[in-house]
Structure formats: C-alpha cells, structure tokens
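**Q** As input, take model_21.pdb (PDB, C-alpha atoms, pLDDT in the B column):
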```pdb
ATOM      1  CA  MET A1223       0.000   0.000   0.000  1.00 83.00           C
ATOM      2  CA  SER A1224       1.271   3.461  -0.872  1.00 96.00           C
ATOM      3  CA  LYS A1225       1.400   5.797   2.127  1.00 98.00           C
ATOM      4  CA  VAL A1226       2.418   9.338   3.026  1.00 98.00           C
ATOM      5  CA  ILE A1227       5.959   9.565   4.409  1.00 98.00           C
ATOM      6  CA  ASN A1228       6.366  13.344   4.748  1.00 98.00           C
ATOM      7  CA  LEU A1229       4.180  16.448   4.553  1.00 98.00           C
ATOM      8  CA  TYR A1230       5.493  19.975   4.005  1.00 98.00           C
ATOM      9  CA  ARG A1231       4.362  23.505   3.324  1.00 97.00           C
ATOM     10  CA  TYR A1232       6.390  26.430   1.971  1.00 97.00           C
ATOM     11  CA  PRO A1233       4.956  29.688   3.362  1.00 96.00           C
ATOM     12  CA  ILE A1234       7.452  31.792   1.377  1.00 96.00           C
ATOM     13  CA  LYS A1235       7.808  30.819  -2.275  1.00 96.00           C
ATOM     14  CA  GLY A1236      11.392  29.729  -2.964  1.00 94.00           C
ATOM     15  CA  MET A1237      12.329  29.467   0.714  1.00 94.00           C
ATOM     16  CA  SER A1238      12.696  26.507   3.073  1.00 94.00           C
ATOM     17  CA  ALA A1239      10.143  23.829   3.869  1.00 96.00           C
ATOM     18  CA  GLU A1240       8.182  23.513   7.105  1.00 96.00           C
ATOM     19  CA  ILE A1241       7.405  20.016   8.354  1.00 97.00           C
ATOM     20  CA  LEU A1242       3.774  19.040   8.980  1.00 98.00           C
ATOM     21  CA  GLN A1243       2.432  15.962  10.725  1.00 98.00           C
ATOM     22  CA  ALA A1244      -1.183  16.361   9.633  1.00 98.00           C
ATOM     23  CA  VAL A1245      -3.267  18.862   7.710  1.00 98.00           C
ATOM     24  CA  SER A1246      -6.893  19.490   6.810  1.00 98.00           C
ATOM     25  CA  LEU A1247      -7.639  19.732   3.095  1.00 98.00           C
ATOM     26  CA  ARG A1248     -10.519  21.675   1.559  1.00 98.00           C
ATOM     27  CA  THR A1249     -11.993  21.223  -1.889  1.00 98.00           C
ATOM     28  CA  GLY A1250     -10.308  23.478  -4.405  1.00 97.00           C
ATOM     29  CA  GLU A1251      -7.701  24.690  -1.898  1.00 97.00           C
ATOM     30  CA  ALA A1252      -4.013  24.040  -1.328  1.00 97.00           C
ATOM     31  CA  ILE A1253      -2.429  23.349   2.057  1.00 97.00           C
ATOM     32  CA  ALA A1254      -3.112  26.389   4.238  1.00 95.00           C
ATOM     33  CA  LEU A1255      -0.367  29.043   3.924  1.00 95.00           C
ATOM     34  CA  ASP A1256       1.507  27.114   1.248  1.00 97.00           C
ATOM     35  CA  ARG A1257       3.162  29.628  -1.114  1.00 97.00           C
ATOM     36  CA  CYS A1258       1.176  32.366   0.642  1.00 96.00           C
ATOM     37  CA  PHE A1259       4.040  34.853   0.391  1.00 96.00           C
ATOM     38  CA  ALA A1260       6.603  35.592  -2.311  1.00 96.00           C
ATOM     39  CA  LEU A1261       9.551  37.889  -2.892  1.00 95.00           C
ATOM     40  CA  ALA A1262       9.001  39.524  -6.249  1.00 95.00           C
ATOM     41  CA  HIS A1263      11.570  41.360  -8.325  1.00 95.00           C
ATOM     42  CA  GLY A1264      11.017  45.106  -8.399  1.00 92.00           C
ATOM     43  CA  THR A1265      10.119  44.751 -12.078  1.00 94.00           C
ATOM     44  CA  THR A1266       7.206  42.393 -11.313  1.00 95.00           C
ATOM     45  CA  ALA A1267       3.913  44.255 -11.773  1.00 92.00           C
ATOM     46  CA  PHE A1268       1.725  42.156  -9.478  1.00 93.00           C
ATOM     47  CA  ASN A1269      -1.674  43.704  -8.733  1.00 93.00           C
ATOM     48  CA  PRO A1270      -3.292  42.163  -5.609  1.00 88.00           C
ATOM     49  CA  GLU A1271      -6.634  43.691  -6.620  1.00 90.00           C
ATOM     50  CA  LYS A1272      -6.573  41.781  -9.926  1.00 91.00           C
ATOM     51  CA  PRO A1273      -4.091  38.954  -9.348  1.00 91.00           C
ATOM     52  CA  GLU A1274      -2.795  37.146 -12.413  1.00 92.00           C
ATOM     53  CA  HIS A1275      -0.588  34.094 -12.559  1.00 93.00           C
ATOM     54  CA  PHE A1276       3.081  34.943 -12.993  1.00 93.00           C
ATOM     55  CA  SER A1277       5.835  32.507 -13.936  1.00 93.00           C
ATOM     56  CA  LYS A1278       8.482  31.699 -11.337  1.00 93.00           C
ATOM     57  CA  THR A1279      11.019  33.935 -13.084  1.00 93.00           C
ATOM     58  CA  HIS A1280       9.195  36.985 -11.697  1.00 95.00           C
ATOM     59  CA  PHE A1281      10.164  35.974  -8.145  1.00 96.00           C
ATOM     60  CA  LEU A1282      13.259  35.106  -6.151  1.00 93.00           C
ATOM     61  CA  MET A1283      13.630  31.336  -6.432  1.00 92.00           C
ATOM     62  CA  LEU A1284      16.192  28.540  -6.494  1.00 92.00           C
ATOM     63  CA  MET A1285      16.278  28.187 -10.270  1.00 90.00           C
ATOM     64  CA  LYS A1286      18.184  31.486 -10.401  1.00 92.00           C
ATOM     65  CA  ASN A1287      19.060  32.249  -6.766  1.00 95.00           C
ATOM     66  CA  GLU A1288      20.651  29.118  -5.296  1.00 95.00           C
ATOM     67  CA  ARG A1289      21.962  31.034  -2.254  1.00 95.00           C
ATOM     68  CA  LEU A1290      18.397  31.003  -0.912  1.00 96.00           C
ATOM     69  CA  ALA A1291      18.960  27.333  -0.062  1.00 96.00           C
ATOM     70  CA  ALA A1292      21.513  28.389   2.584  1.00 96.00           C
ATOM     71  CA  LEU A1293      18.753  30.155   4.526  1.00 97.00           C
ATOM     72  CA  HIS A1294      16.267  28.542   6.893  1.00 96.00           C
ATOM     73  CA  THR A1295      12.976  30.375   7.346  1.00 96.00           C
ATOM     74  CA  VAL A1296      10.425  29.960  10.124  1.00 96.00           C
ATOM     75  CA  TYR A1297       6.993  31.554   9.866  1.00 96.00           C
ATOM     76  CA  ASN A1298       4.794  31.902  12.953  1.00 95.00           C
ATOM     77  CA  ASP A1299       1.103  31.641  12.034  1.00 92.00           C
ATOM     78  CA  ASP A1300      -0.055  33.340  15.219  1.00 94.00           C
ATOM     79  CA  THR A1301       2.250  36.384  15.201  1.00 96.00           C
ATOM     80  CA  GLY A1302       2.867  36.714  11.450  1.00 95.00           C
ATOM     81  CA  VAL A1303       6.606  36.975  12.151  1.00 97.00           C
ATOM     82  CA  LEU A1304       9.137  35.519   9.721  1.00 97.00           C
ATOM     83  CA  GLN A1305      12.559  34.555  11.056  1.00 97.00           C
ATOM     84  CA  ILE A1306      15.528  33.875   8.784  1.00 97.00           C
ATOM     85  CA  PHE A1307      18.433  31.753  10.025  1.00 97.00           C
ATOM     86  CA  GLN A1308      21.750  30.652   8.563  1.00 96.00           C
ATOM     87  CA  GLN A1309      23.539  27.790  10.290  1.00 92.00           C
ATOM     88  CA  ASP A1310      21.328  28.275  13.374  1.00 91.00           C
ATOM     89  CA  LYS A1311      22.191  31.982  13.585  1.00 97.00           C
ATOM     90  CA  LEU A1312      19.229  34.349  13.469  1.00 98.00           C
ATOM     91  CA  LEU A1313      19.942  36.908  10.744  1.00 97.00           C
ATOM     92  CA  ILE A1314      16.689  38.873  10.791  1.00 97.00           C
ATOM     93  CA  SER A1315      13.039  38.707  11.768  1.00 97.00           C
ATOM     94  CA  GLY A1316      10.082  40.809  10.747  1.00 97.00           C
ATOM     95  CA  ALA A1317       6.304  40.854  10.939  1.00 96.00           C
ATOM     96  CA  LEU A1318       4.923  40.292   7.453  1.00 94.00           C
ATOM     97  CA  HIS A1319       1.692  42.156   8.240  1.00 93.00           C
ATOM     98  CA  GLU A1320       3.593  45.344   9.162  1.00 95.00           C
ATOM     99  CA  ILE A1321       5.154  47.720   6.623  1.00 95.00           C
ATOM    100  CA  GLU A1322       8.315  48.096   8.738  1.00 96.00           C
ATOM    101  CA  GLY A1323       8.732  44.324   9.002  1.00 96.00           C
ATOM    102  CA  ARG A1324       8.345  43.793   5.270  1.00 95.00           C
ATOM    103  CA  GLN A1325      10.728  46.628   4.451  1.00 96.00           C
ATOM    104  CA  ALA A1326      13.382  45.244   6.802  1.00 96.00           C
ATOM    105  CA  LEU A1327      13.138  41.841   5.147  1.00 96.00           C
ATOM    106  CA  GLU A1328      13.246  43.357   1.661  1.00 96.00           C
ATOM    107  CA  LYS A1329      16.420  45.269   2.620  1.00 96.00           C
ATOM    108  CA  PHE A1330      17.947  42.043   3.927  1.00 97.00           C
ATOM    109  CA  PHE A1331      17.484  40.350   0.566  1.00 96.00           C
ATOM    110  CA  ILE A1332      18.925  43.345  -1.295  1.00 95.00           C
ATOM    111  CA  ASN A1333      22.087  42.949   0.787  1.00 95.00           C
ATOM    112  CA  TYR A1334      22.080  39.158   0.588  1.00 96.00           C
ATOM    113  CA  LEU A1335      21.520  38.692  -3.160  1.00 95.00           C
ATOM    114  CA  GLY A1336      22.749  42.019  -4.541  1.00 92.00           C
ATOM    115  CA  ASP A1337      22.458  42.375  -8.310  1.00 90.00           C
ATOM    116  CA  GLU A1338      20.668  39.031  -8.633  1.00 93.00           C
ATOM    117  CA  ILE A1339      17.524  41.054  -7.884  1.00 94.00           C
ATOM    118  CA  ARG A1340      15.921  43.199 -10.580  1.00 93.00           C
ATOM    119  CA  GLY A1341      15.007  46.450  -8.841  1.00 91.00           C
ATOM    120  CA  ILE A1342      13.929  46.672  -5.203  1.00 91.00           C
ATOM    121  CA  PRO A1343      12.293  43.373  -4.117  1.00 93.00           C
ATOM    122  CA  LYS A1344       8.709  43.357  -2.907  1.00 95.00           C
ATOM    123  CA  LEU A1345       7.464  40.963  -0.245  1.00 95.00           C
ATOM    124  CA  LEU A1346       3.954  40.075  -1.394  1.00 95.00           C
ATOM    125  CA  LYS A1347       1.076  38.302   0.315  1.00 95.00           C
ATOM    126  CA  ALA A1348      -1.318  36.300  -1.817  1.00 95.00           C
ATOM    127  CA  PRO A1349      -4.805  37.810  -1.870  1.00 93.00           C
ATOM    128  CA  SER A1350      -7.786  35.630  -1.016  1.00 90.00           C
ATOM    129  CA  GLY A1351      -8.257  32.798  -3.500  1.00 90.00           C
ATOM    130  CA  TYR A1352      -4.707  33.030  -4.866  1.00 94.00           C
ATOM    131  CA  MET A1353      -1.364  31.299  -4.242  1.00 95.00           C
ATOM    132  CA  PHE A1354       2.093  31.844  -5.658  1.00 96.00           C
ATOM    133  CA  SER A1355       2.177  28.443  -7.323  1.00 94.00           C
ATOM    134  CA  ASP A1356       4.280  27.500 -10.330  1.00 93.00           C
ATOM    135  CA  VAL A1357       1.025  26.574 -12.072  1.00 93.00           C
ATOM    136  CA  ASP A1358      -2.166  28.578 -12.458  1.00 93.00           C
ATOM    137  CA  ALA A1359      -4.143  26.526  -9.941  1.00 93.00           C
ATOM    138  CA  LYS A1360      -4.337  25.699  -6.251  1.00 96.00           C
ATOM    139  CA  VAL A1361      -2.598  22.345  -6.094  1.00 98.00           C
ATOM    140  CA  LEU A1362      -0.503  20.021  -3.954  1.00 98.00           C
ATOM    141  CA  SER A1363       2.780  18.757  -5.384  1.00 98.00           C
ATOM    142  CA  CYS A1364       3.524  15.082  -4.764  1.00 98.00           C
ATOM    143  CA  ILE A1365       6.712  13.028  -5.097  1.00 98.00           C
ATOM    144  CA  ASN A1366       7.003   9.251  -5.326  1.00 98.00           C
ATOM    145  CA  LEU A1367      10.088   8.262  -3.313  1.00 98.00           C
ATOM    146  CA  ALA A1368      10.439   5.073  -5.384  1.00 98.00           C
ATOM    147  CA  THR A1369      10.910   7.269  -8.451  1.00 98.00           C
ATOM    148  CA  VAL A1370      13.597   9.250  -6.623  1.00 98.00           C
ATOM    149  CA  ARG A1371      15.393   6.013  -5.748  1.00 98.00           C
ATOM    150  CA  GLU A1372      15.238   4.962  -9.416  1.00 97.00           C
ATOM    151  CA  LEU A1373      16.890   8.245 -10.366  1.00 97.00           C
ATOM    152  CA  GLU A1374      19.523   7.713  -7.649  1.00 97.00           C
ATOM    153  CA  LYS A1375      20.440   4.360  -9.186  1.00 97.00           C
ATOM    154  CA  LEU A1376      20.676   5.950 -12.604  1.00 94.00           C
ATOM    155  CA  LEU A1377      22.954   8.772 -11.449  1.00 95.00           C
ATOM    156  CA  GLY A1378      24.866   6.783  -8.848  1.00 96.00           C
ATOM    157  CA  VAL A1379      24.351   9.435  -6.156  1.00 97.00           C
ATOM    158  CA  THR A1380      22.136  10.035  -3.132  1.00 97.00           C
ATOM    159  CA  ILE A1381      19.401  12.602  -3.865  1.00 98.00           C
ATOM    160  CA  ASN A1382      17.786  14.588  -1.080  1.00 97.00           C
ATOM    161  CA  PRO A1383      14.054  14.485  -1.946  1.00 98.00           C
ATOM    162  CA  LEU A1384      13.674  18.063  -0.684  1.00 97.00           C
ATOM    163  CA  ARG A1385      15.283  19.167  -3.958  1.00 97.00           C
ATOM    164  CA  PHE A1386      11.792  18.688  -5.425  1.00 98.00           C
ATOM    165  CA  ARG A1387      10.045  20.965  -2.907  1.00 97.00           C
ATOM    166  CA  ALA A1388       6.902  18.829  -2.712  1.00 98.00           C
ATOM    167  CA  ASN A1389       4.001  18.974  -0.275  1.00 98.00           C
ATOM    168  CA  VAL A1390       3.484  15.217  -0.163  1.00 98.00           C
ATOM    169  CA  TYR A1391       6.195  12.550  -0.283  1.00 98.00           C
ATOM    170  CA  PHE A1392       4.851   9.032  -0.549  1.00 98.00           C
ATOM    171  CA  ASP A1393       6.235   5.496  -0.783  1.00 98.00           C
ATOM    172  CA  GLY A1394       4.948   2.024  -1.534  1.00 98.00           C
ATOM    173  CA  ALA A1395       3.924   2.590  -5.155  1.00 97.00           C
ATOM    174  CA  PRO A1396       6.160   1.382  -8.022  1.00 98.00           C
ATOM    175  CA  ALA A1397       8.617   3.869  -9.492  1.00 98.00           C
ATOM    176  CA  TRP A1398       6.925   6.152 -12.032  1.00 98.00           C
ATOM    177  CA  ALA A1399       3.429   4.952 -11.024  1.00 98.00           C
ATOM    178  CA  GLU A1400       2.424   8.608 -10.658  1.00 98.00           C
ATOM    179  CA  SER A1401       2.887   9.129 -14.393  1.00 97.00           C
ATOM    180  CA  GLU A1402      -0.395   7.232 -14.852  1.00 97.00           C
ATOM    181  CA  TRP A1403      -2.356   9.272 -12.311  1.00 98.00           C
ATOM    182  CA  VAL A1404      -3.267  12.342 -14.383  1.00 98.00           C
ATOM    183  CA  ASP A1405      -7.080  12.740 -14.350  1.00 98.00           C
ATOM    184  CA  LYS A1406      -7.442   9.852 -11.889  1.00 98.00           C
ATOM    185  CA  THR A1407      -9.087  10.145  -8.469  1.00 98.00           C
ATOM    186  CA  LEU A1408      -6.897   9.242  -5.507  1.00 98.00           C
ATOM    187  CA  LYS A1409      -7.482   8.777  -1.807  1.00 98.00           C
ATOM    188  CA  LEU A1410      -5.184  10.991   0.273  1.00 98.00           C
ATOM    189  CA  GLY A1411      -5.933  10.246   3.905  1.00 98.00           C
ATOM    190  CA  THR A1412      -9.671  10.868   4.223  1.00 98.00           C
ATOM    191  CA  ALA A1413      -9.615  13.444   1.404  1.00 98.00           C
ATOM    192  CA  ARG A1414      -9.875  12.771  -2.306  1.00 98.00           C
ATOM    193  CA  VAL A1415      -7.721  14.418  -4.915  1.00 98.00           C
ATOM    194  CA  GLN A1416      -7.427  14.323  -8.681  1.00 98.00           C
ATOM    195  CA  GLY A1417      -4.234  14.191 -10.699  1.00 98.00           C
ATOM    196  CA  VAL A1418      -3.822  17.476 -12.625  1.00 98.00           C
ATOM    197  CA  LYS A1419      -0.511  17.281 -14.472  1.00 98.00           C
ATOM    198  CA  LEU A1420       2.998  15.893 -14.185  1.00 98.00           C
ATOM    199  CA  ILE A1421       5.641  18.260 -12.840  1.00 98.00           C
ATOM    200  CA  GLU A1422       8.295  19.345 -15.311  1.00 98.00           C
ATOM    201  CA  ARG A1423      11.497  19.872 -13.398  1.00 97.00           C
ATOM    202  CA  CYS A1424      13.662  22.980 -13.753  1.00 96.00           C
ATOM    203  CA  ALA A1425      17.187  23.910 -12.696  1.00 94.00           C
ATOM    204  CA  ALA A1426      16.026  24.487  -9.102  1.00 95.00           C
ATOM    205  CA  THR A1427      16.365  20.724  -8.572  1.00 97.00           C
ATOM    206  CA  ASN A1428      20.092  20.983  -9.348  1.00 97.00           C
ATOM    207  CA  VAL A1429      20.596  22.905  -6.084  1.00 96.00           C
ATOM    208  CA  ASN A1430      21.567  20.810  -3.079  1.00 95.00           C
ATOM    209  CA  PRO A1431      19.288  21.954  -0.197  1.00 95.00           C
ATOM    210  CA  GLU A1432      22.025  21.111   2.322  1.00 93.00           C
ATOM    211  CA  THR A1433      24.967  22.913   0.695  1.00 94.00           C
ATOM    212  CA  ALA A1434      23.244  25.502  -1.565  1.00 94.00           C
ATOM    213  CA  GLN A1435      25.527  24.288  -4.379  1.00 95.00           C
ATOM    214  CA  ARG A1436      24.507  23.265  -7.907  1.00 95.00           C
ATOM    215  CA  ASP A1437      25.924  19.751  -7.896  1.00 95.00           C
ATOM    216  CA  LEU A1438      23.584  17.766 -10.178  1.00 96.00           C
ATOM    217  CA  GLN A1439      21.945  18.108 -13.606  1.00 97.00           C
ATOM    218  CA  ILE A1440      18.560  16.546 -12.887  1.00 97.00           C
ATOM    219  CA  PRO A1441      16.414  17.976 -15.753  1.00 97.00           C
ATOM    220  CA  GLN A1442      19.128  17.046 -18.250  1.00 97.00           C
ATOM    221  CA  ALA A1443      19.438  13.541 -16.803  1.00 97.00           C
ATOM    222  CA  LEU A1444      15.683  13.029 -17.000  1.00 97.00           C
ATOM    223  CA  MET A1445      15.556  14.156 -20.619  1.00 97.00           C
ATOM    224  CA  LYS A1446      18.582  12.096 -21.643  1.00 96.00           C
ATOM    225  CA  ASN A1447      17.383   8.868 -20.026  1.00 95.00           C
ATOM    226  CA  TYR A1448      13.585   9.117 -20.165  1.00 96.00           C
ATOM    227  CA  GLY A1449      12.848  11.604 -22.931  1.00 97.00           C
ATOM    228  CA  HIS A1450      11.090  14.047 -20.583  1.00 97.00           C
ATOM    229  CA  ARG A1451      11.805  16.293 -17.585  1.00 98.00           C
ATOM    230  CA  ASN A1452       8.875  15.105 -15.447  1.00 98.00           C
ATOM    231  CA  LEU A1453       9.186  13.935 -11.861  1.00 98.00           C
ATOM    232  CA  GLY A1454       6.193  14.160  -9.541  1.00 98.00           C
ATOM    233  CA  ILE A1455       2.564  15.122 -10.018  1.00 98.00           C
ATOM    234  CA  TYR A1456       0.277  18.009  -9.108  1.00 98.00           C
ATOM    235  CA  VAL A1457      -3.085  17.080  -7.577  1.00 98.00           C
ATOM    236  CA  ARG A1458      -6.116  19.178  -6.654  1.00 98.00           C
ATOM    237  CA  VAL A1459      -8.454  18.496  -3.742  1.00 98.00           C
ATOM    238  CA  ILE A1460     -11.913  17.417  -4.887  1.00 98.00           C
ATOM    239  CA  GLU A1461     -13.323  16.230  -1.545  1.00 98.00           C
ATOM    240  CA  ASP A1462     -12.613  17.605   1.936  1.00 98.00           C
ATOM    241  CA  GLY A1463     -10.675  15.509   4.398  1.00 98.00           C
ATOM    242  CA  LYS A1464      -7.559  15.203   6.516  1.00 98.00           C
ATOM    243  CA  VAL A1465      -4.188  13.682   5.757  1.00 98.00           C
ATOM    244  CA  ALA A1466      -1.396  12.744   8.133  1.00 98.00           C
ATOM    245  CA  VAL A1467       1.956  11.032   7.913  1.00 98.00           C
ATOM    246  CA  ASN A1468       1.467   7.253   7.375  1.00 98.00           C
ATOM    247  CA  ASP A1469      -1.982   7.749   5.794  1.00 98.00           C
ATOM    248  CA  GLU A1470      -2.855   5.980   2.555  1.00 98.00           C
ATOM    249  CA  PHE A1471      -2.222   7.674  -0.795  1.00 98.00           C
ATOM    250  CA  ALA A1472      -3.371   5.607  -3.729  1.00 95.00           C
ATOM    251  CA  VAL A1473      -5.714   5.459  -6.702  1.00 96.00           C
ATOM    252  CA  ASP A1474      -9.279   5.309  -5.405  1.00 90.00           C
TER
END
```
Take the structure in the file and write it out as structure tokens.
**A**
Amino acid sequence: MSKVINLYRYPIKGMSAEILQAVSLRTGEAIALDRCFALAHGTTAFNPEKPEHFSKTHFLMLMKNERLAALHTVYNDDTGVLQIFQQDKLLISGALHEIEGRQALEKFFINYLGDEIRGIPKLLKAPSGYMFSDVDAKVLSCINLATVRELEKLLGVTINPLRFRANVYFDGAPAWAESEWVDKTLKLGTARVQGVKLIERCAATNVNPETAQRDLQIPQALMKNYGHRNLGIYVRVIEDGKVAVNDEFAVD
C-alpha cells in the first residue's frame, strides 16, 4: 500500500520547507499558507486587486538564486513573524503584516543577493483565492520516493528528496506509477484528490538543499534517459478531508 511519508508547506515561495504531521484539506484549496508569500523582483507588476498568474522567473527562487537554499525560514502563524536563520544563527526577523517588518526583510534580501535582484524586491502576500504556485491553480505537489530512488540508481548518487520541494512525499507505489495518475481520483488520507498534471522539473532541482551548491543536472538527466523532464505530479483536492503522515495515498 502506498502511504504518506512526509508532509510539508512552503509559506514563502522559494524558501525553506516547514514540516507538517497532519493537515486538513478543503476542496479546491491548497495546504493552508503554502506559497502564501513571495519575494518579487522590483520589475514584477503584481496587482493584488486583480491577481494574475506569474511565472516563477518573476520571483526570487532557487532556479536562479541558489543562495536562498543556505537560509532557513520559520513563519509563525499566530504572530505573522518571519525569522531567517543561517547555520542556526538568526539573521533577521520581521512581521509580514507590518510595513516596517516587510521593508526590513526586503532590505535584507537586497544585501544578501545584490544584483541578482531586478530592482527593489517586494514581499507580497497572496490575496484571497490566490497562491504563488508555479502553475495557475491551487494544487498540492507530490513526489514518489520510489521514483527518486530509481533516479539515484541511474545517477549513482544520493538525492535529497527536498530538492523537489513537494508537499506530499509518498512510498509504496512502483517507481513512475504517478505518471499514470493524471485525471485519476486518488485517496489521500480521508480526502480525495485528482491528478492534474505531471511536474516538469527545472534547474532548481540541481541545487543541493544542504549545501546551496549546484551539484547535479537533474532535468538534463531526466531528458537524456527518459525523454522528458517530469518527476512528480500536481493534484487538486476534490473532496474535503484530513491527511497525516502514514496515511494511505493511492488510486481510489
């Protein structure tokens, strides 16, 4: 039986993961606070009154800014305060709901990334009904750990699954089983989800989340050996429920 091994959310797009043990899922919604905030380049014309989907290149993210992987972020739901650490040292904290807090964090990233940023960065909060997803939909990203192990054998290296920045990591299904799940209904804990599309991997997966170094060529390896760059699947919630670590995740 395929089951959930890890659950994560990423409150700040492009920043570190936060471990979850269980989460409630609502129809048509992502995990609460997942990709709720984003650091946009100063040239990104995001209008919260009329939000449109923007590609990842409009934001700070690992595909272009691998030094972000050296930072560890902690977001407090109750206080709205974001803390940024590096090697257990607190570098800065700021309340995301306060102008002063956002400005302090924006200044930090100007100093940290320098000319990697186009213009003055803007720390944005997703308006109601919106998330800073890589796709124009509220989805959960899911990774089959058997598929990761297959890729490890192919490359002859150990691959930290967090390179793929998924919400749900599962095991027990055959490698590449998820490639057959598009449009299928699956049971995820007590919720039900539907496969939306396979995830095409970008250069962000080349960044080692432990060292912040680009030490692999995962999209190239996928294309060379499988004829595609897909690894993982996006799903959308179609029936409310709860999911926890060790819960079932399989075709319904």
**Q** Using only C-alpha atoms, collect all residues at a distance of at most 12 Å from (-9.0, 36.5, 0.6) as written in the file, then present them as a VMD selection string.
**A** chain A and resid 1255 1258 1270 to 1271 1273 1347 to 1353
**Q** I'd like the residues picked by the PyMOL selection byres ((chain A and resi 1292) around 7) written out as a PyMOL selection string, using the chain letters and numbers from the file.
**A** chain A and resi 1289-1291+1293-1294+1308+1433-1434
**Q** Selected by the PyMOL selection byres ((chain A and resi 1319-1322) around 12) in the shown coordinates: which residues, as a list of chain:residue names?
**A**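 Answer for the PyMOL selection byres ((chain A and resi 1319-1322) around 12): A:Phe1259, A:Tyr1297, A:Asn1298, A:Asp1299, A:Asp1300, A:Thr1301, A:Gly1302, A:Val1303, A:Leu1304, A:Ser1315, A:Gly1316, A:Ala1317, A:Leu1318, A:Gly1323, A:Arg1324, A:Gln1325, A:Ala1326, A:Leu1327, A:Glu1328, A:Lys1329, A:Lys1344, A:Leu1345, A:Leu1346, A:Lys1347.
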**Q** Can you tell me, as a count of residues only, what residues are no more than 10 Å from A:Trp1398 when counting all atoms listed in the file, ignoring any on the same chain fewer than 2 positions away?
**A** 16
**Q** What do you get, as number ranges by chain, if you spell out every residue that the PyMOL selection byres ((chain A and resi 1385) around 12) selects here?
**A** A: 1236-1239, 1284-1285, 1288, 1291, 1365, 1370, 1380-1384, 1386-1389, 1391, 1423-1441, 1453-1454
**Q** So, with only C-alpha atoms as the atoms that count, which of A:Leu1247, A:Cys1364, A:Val1379, A:Leu1282 lies closest to A:Leu1335?
**A**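 The shortest atom-to-atom distance to A:Leu1335 comes from A:Leu1282.
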**Q** Just write stretch 1323-1374 of chain A with C-alpha atoms, as an mmCIF file, in the first residue's frame, taken from the block above.
**A**
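The result, written out as decode01.cif:
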```
data_model
loop_
_atom_site.group_PDB
_atom_site.id
_atom_site.type_symbol
_atom_site.label_atom_id
_atom_site.label_comp_id
_atom_site.auth_asym_id
_atom_site.auth_seq_id
_atom_site.Cartn_x
_atom_site.Cartn_y
_atom_site.Cartn_z
ATOM 1 C CA GLY A 1323 8.732 44.324 9.002
ATOM 2 C CA ARG A 1324 8.345 43.793 5.270
ATOM 3 C CA GLN A 1325 10.728 46.628 4.451
ATOM 4 C CA ALA A 1326 13.382 45.244 6.802
ATOM 5 C CA LEU A 1327 13.138 41.841 5.147
ATOM 6 C CA GLU A 1328 13.246 43.357 1.661
ATOM 7 C CA LYS A 1329 16.420 45.269 2.620
ATOM 8 C CA PHE A 1330 17.947 42.043 3.927
ATOM 9 C CA PHE A 1331 17.484 40.350 0.566
ATOM 10 C CA ILE A 1332 18.925 43.345 -1.295
ATOM 11 C CA ASN A 1333 22.087 42.949 0.787
ATOM 12 C CA TYR A 1334 22.080 39.158 0.588
ATOM 13 C CA LEU A 1335 21.520 38.692 -3.160
ATOM 14 C CA GLY A 1336 22.749 42.019 -4.541
ATOM 15 C CA ASP A 1337 22.458 42.375 -8.310
ATOM 16 C CA GLU A 1338 20.668 39.031 -8.633
ATOM 17 C CA ILE A 1339 17.524 41.054 -7.884
ATOM 18 C CA ARG A 1340 15.921 43.199 -10.580
ATOM 19 C CA GLY A 1341 15.007 46.450 -8.841
ATOM 20 C CA ILE A 1342 13.929 46.672 -5.203
ATOM 21 C CA PRO A 1343 12.293 43.373 -4.117
ATOM 22 C CA LYS A 1344 8.709 43.357 -2.907
ATOM 23 C CA LEU A 1345 7.464 40.963 -0.245
ATOM 24 C CA LEU A 1346 3.954 40.075 -1.394
ATOM 25 C CA LYS A 1347 1.076 38.302 0.315
ATOM 26 C CA ALA A 1348 -1.318 36.300 -1.817
ATOM 27 C CA PRO A 1349 -4.805 37.810 -1.870
ATOM 28 C CA SER A 1350 -7.786 35.630 -1.016
ATOM 29 C CA GLY A 1351 -8.257 32.798 -3.500
ATOM 30 C CA TYR A 1352 -4.707 33.030 -4.866
ATOM 31 C CA MET A 1353 -1.364 31.299 -4.242
ATOM 32 C CA PHE A 1354 2.093 31.844 -5.658
ATOM 33 C CA SER A 1355 2.177 28.443 -7.323
ATOM 34 C CA ASP A 1356 4.280 27.500 -10.330
ATOM 35 C CA VAL A 1357 1.025 26.574 -12.072
ATOM 36 C CA ASP A 1358 -2.166 28.578 -12.458
ATOM 37 C CA ALA A 1359 -4.143 26.526 -9.941
ATOM 38 C CA LYS A 1360 -4.337 25.699 -6.251
ATOM 39 C CA VAL A 1361 -2.598 22.345 -6.094
ATOM 40 C CA LEU A 1362 -0.503 20.021 -3.954
ATOM 41 C CA SER A 1363 2.780 18.757 -5.384
ATOM 42 C CA CYS A 1364 3.524 15.082 -4.764
ATOM 43 C CA ILE A 1365 6.712 13.028 -5.097
ATOM 44 C CA ASN A 1366 7.003 9.251 -5.326
ATOM 45 C CA LEU A 1367 10.088 8.262 -3.313
ATOM 46 C CA ALA A 1368 10.439 5.073 -5.384
ATOM 47 C CA THR A 1369 10.910 7.269 -8.451
ATOM 48 C CA VAL A 1370 13.597 9.250 -6.623
ATOM 49 C CA ARG A 1371 15.393 6.013 -5.748
ATOM 50 C CA GLU A 1372 15.238 4.962 -9.416
ATOM 51 C CA LEU A 1373 16.890 8.245 -10.366
ATOM 52 C CA GLU A 1374 19.523 7.713 -7.649
#
```
